Amino acid sequence: MTSTVPAPGIRTAGGSALQAVLLDMDGTLVDTEGFWWDVEVEVFARLGHALDDSWRHVVVGGPMARSAGFLIEATGADITLAELTVLLNEGFEERIASALPLMPGAARLLAELAEHEVPTALVSASHRRIIDRVLTSLGPDHFALTVAGDEVARTKPHPDPYLLAAAGLGADPARCAVVEDTATGVAAAEAAGCHVVAVPSVAPIAPAARRTVVASLEEVDLTFLRALMPLR
């Protein structure tokens with residue numbers, strides 16, 4: 001876990017029970033889920049294997065070890081997990097060096113949270129080297145801390161990253177709003193006891209208790225997030 005700016009003191013947001021907002025990165029704030037798949041396809045093509053498009057739903061949103069491990073097993077490619085991880089991260093870094101589109105509504109939401117001094121964390125299954133590159137576009141000053149997938153013993157879908165982020169902000173997970181785009185991330189946030197806003201990027205996500213599904217971040221603002229948790 002890396003703190004990018006000093007963590008602000010916890011304050012209730014406009015009198016609501018909301019203490020902090022925890023945001024996923026790929027597919028939630030930046031339109032990069034397709035980048036990962038394209039890189040995976042290209043790397044395996046160089047290894048002599050074609051990826052089945054149906055596998056995209058299996059690997060989306062997952063930690064590198066799980067996604068890369070699945071693809072090695074599914075294709076039978078002659079490469080180690082460590083070797084593949086390096087190739088995938090290098091390929092992704094090349095992609096984002098030339099283009100890093102933000103998801104609609106992302107810049108506006110981050111600016112609003114900063115304006116109202118809502119404690120905010122970036123919680124991603126991506127490795128630290130990738131997060132730090134993306135932060136140059138998102139603005140590191142928008143986040144009190146960031147959590148990378150290679151900095152926790154168990155990353156998503158386990159609750160550990162979100163529990164770590166909440167603790168780092170001094171917030172109760174039950175009073176944190178999480179914004180996620182995949183079932184893997186949603187599972188992690190819900191296991192941590194957080195309220196979840198799902199903005200599906202690749203595969204559909206159904207509404208559920210303590211889970212609200214929206215079509216775009218353009219539907220999400222601070223008023224929306226405050227309303228997830230009633231006054232108490």
# chains A, B, ... in the order shown; residues from 1 in each chain; ligands from 1

$ select_by_dssp --residues "segment 25-157 of chain A" --states "helix (DSSP H, G or I)" --output "JSON, numbers by chain"
{"A": [33, 34, 35, 36, 37, 38, 39, 40, 41, 42, 43, 44, 45, 46, 53, 54, 55, 56, 57, 58, 59, 64, 65, 66, 67, 68, 69, 70, 71, 72, 73, 74, 75, 81, 82, 83, 84, 85, 86, 87, 88, 89, 90, 91, 92, 93, 94, 95, 96, 97, 98, 106, 107, 108, 109, 110, 111, 112, 113, 114, 115, 128, 129, 130, 131, 132, 133, 134, 135, 136, 137, 138, 140, 141, 142, 149, 150, 151]}

$ write_last_selection --atoms "C-alpha atoms" --output "compact mmCIF listing (two decimals), in the first residue's frame"
# COMPACT_ATOMS: atom_id res chain seq x y z
CA GLU A 33 -10.03 -3.79 -19.72
CA GLY A 34 -9.90 -4.15 -23.51
CA PHE A 35 -6.20 -3.26 -23.46
CA TRP A 36 -5.42 -6.18 -21.17
CA TRP A 37 -7.28 -8.63 -23.39
CA ASP A 38 -5.61 -7.30 -26.54
CA VAL A 39 -2.19 -7.70 -24.92
CA GLU A 40 -3.03 -11.23 -23.78
CA VAL A 41 -4.14 -12.14 -27.31
CA GLU A 42 -0.96 -10.69 -28.82
CA VAL A 43 1.40 -12.36 -26.33
CA PHE A 44 -0.17 -15.77 -26.79
CA ALA A 45 -0.19 -15.36 -30.57
CA ARG A 46 3.59 -14.92 -30.40
CA ASP A 53 -12.94 -14.97 -26.91
CA SER A 54 -15.14 -16.65 -24.29
CA TRP A 55 -12.13 -16.72 -21.95
CA ARG A 56 -12.24 -12.95 -21.72
CA HIS A 57 -15.06 -13.19 -19.20
CA VAL A 58 -12.98 -15.59 -17.11
CA VAL A 59 -9.89 -13.38 -16.85
CA MET A 64 -2.53 -11.29 -12.74
CA ALA A 65 -1.62 -14.66 -11.20
CA ARG A 66 -5.12 -16.04 -11.65
CA SER A 67 -5.73 -14.66 -15.15
CA ALA A 68 -2.30 -15.55 -16.52
CA GLY A 69 -2.38 -18.94 -14.81
CA PHE A 70 -5.74 -19.74 -16.37
CA LEU A 71 -4.50 -18.82 -19.85
CA ILE A 72 -1.36 -20.94 -19.50
CA GLU A 73 -3.43 -23.92 -18.42
CA ALA A 74 -6.10 -23.38 -21.07
CA THR A 75 -3.62 -23.08 -23.95
CA LEU A 81 3.76 -17.64 -14.79
CA ALA A 82 6.64 -15.32 -13.90
CA GLU A 83 7.72 -15.00 -17.55
CA LEU A 84 4.18 -14.36 -18.75
CA THR A 85 3.57 -11.75 -16.06
CA VAL A 86 6.55 -9.75 -17.31
CA LEU A 87 5.38 -9.92 -20.93
CA LEU A 88 1.83 -8.87 -20.06
CA ASN A 89 2.89 -5.94 -17.89
CA GLU A 90 5.36 -4.74 -20.55
CA GLY A 91 2.73 -5.00 -23.27
CA PHE A 92 0.19 -3.12 -21.19
CA GLU A 93 2.65 -0.35 -20.35
CA GLU A 94 3.31 0.11 -24.07
CA ARG A 95 -0.42 0.45 -24.69
CA ILE A 96 -1.06 3.05 -22.00
CA ALA A 97 2.01 5.05 -23.03
CA SER A 98 0.21 6.07 -26.23
CA ALA A 106 -14.43 9.52 -14.06
CA ALA A 107 -12.66 12.90 -14.12
CA ARG A 108 -15.76 14.69 -12.87
CA LEU A 109 -16.30 12.23 -10.01
CA LEU A 110 -12.67 12.41 -8.86
CA ALA A 111 -12.76 16.22 -8.94
CA GLU A 112 -15.99 16.29 -6.90
CA LEU A 113 -14.63 13.92 -4.25
CA ALA A 114 -11.48 16.03 -3.96
CA GLU A 115 -13.45 19.28 -3.78
CA ARG A 128 2.29 -1.26 -8.55
CA ARG A 129 4.32 -0.50 -11.69
CA ILE A 130 1.07 -0.24 -13.67
CA ILE A 131 -0.81 1.78 -11.06
CA ASP A 132 1.97 4.35 -10.85
CA ARG A 133 1.91 4.81 -14.62
CA VAL A 134 -1.87 5.26 -14.66
CA LEU A 135 -1.78 7.69 -11.73
CA THR A 136 0.04 10.21 -13.89
CA SER A 137 -3.18 10.50 -15.92
CA LEU A 138 -5.69 10.14 -13.07
CA PRO A 140 -2.18 11.11 -7.70
CA ASP A 141 -3.50 14.01 -5.64
CA HIS A 142 -7.01 12.56 -6.01
CA GLY A 149 -2.50 -6.29 -6.35
CA ASP A 150 1.11 -7.29 -5.80
CA GLU A 151 1.20 -5.60 -2.39

$ residues_around --residues "Ala177 of chain A" --least-positions-apart "3" --cutoff "6 Å" --atoms "only C-alpha atoms" --output "PyMOL selection string"
chain A and resi 21+195-196

$ write_last_selection --atoms "N, CA and C atoms" --output "compact mmCIF listing (two decimals), in the first residue's frame"
# COMPACT_ATOMS: atom_id res chain seq x y z
N VAL A 21 -14.56 6.68 -0.01
CA VAL A 21 -14.89 6.10 -1.32
C VAL A 21 -13.65 5.35 -1.82
N HIS A 195 -20.48 -1.10 0.84
CA HIS A 195 -21.56 -0.86 -0.12
C HIS A 195 -20.92 -0.76 -1.50
N VAL A 196 -21.55 -1.36 -2.50
CA VAL A 196 -20.92 -1.44 -3.82
C VAL A 196 -21.79 -0.78 -4.89

$ atom_distance --atom1 "atom CA of Val197 of chain A" --atom2 "atom CA of Leu163 of chain A"
16.8 Å

$ closest_residue --among "A:Leu29, A:Leu164, A:Leu22, A:Ala209" --to "Gly105 of chain A" --atoms "only C-alpha atoms"
A:Leu29

$ select_by_dssp --residues "chain A" --states "strand (DSSP E or B)" --output "list in words"
Thr2, Ala20, Val21, Leu22, Leu23, Asp26, Val30, Leu102, Thr120, Ala121, Leu122, Val123, Leu145, Thr146, Val147, Cys176, Ala177, Val178, Val179, Glu180, His195, Val196, Val197, Ala198, Ala208, Arg211, Thr212 and Val213 of chain A

$ residues_around --residues "Val147 of chain A" --least-positions-apart "4" --cutoff "10 Å" --atoms "only C-alpha atoms" --output "list in words"
Met1, Thr2, Ser3, Asp24, Ala121, Leu122, Val123, Ser124, Ala125, Ser126, His127, Arg128, Ile131, Glu151, Val152, Thr155, Pro161, Tyr162, Leu164, Ala165 and Gly168 of chain A

$ closest_residue --among "A:Ala198, A:Ala171, A:Ala99, A:Leu18" --to "Thr32 of chain A" --atoms "only C-alpha atoms"
A:Ala99
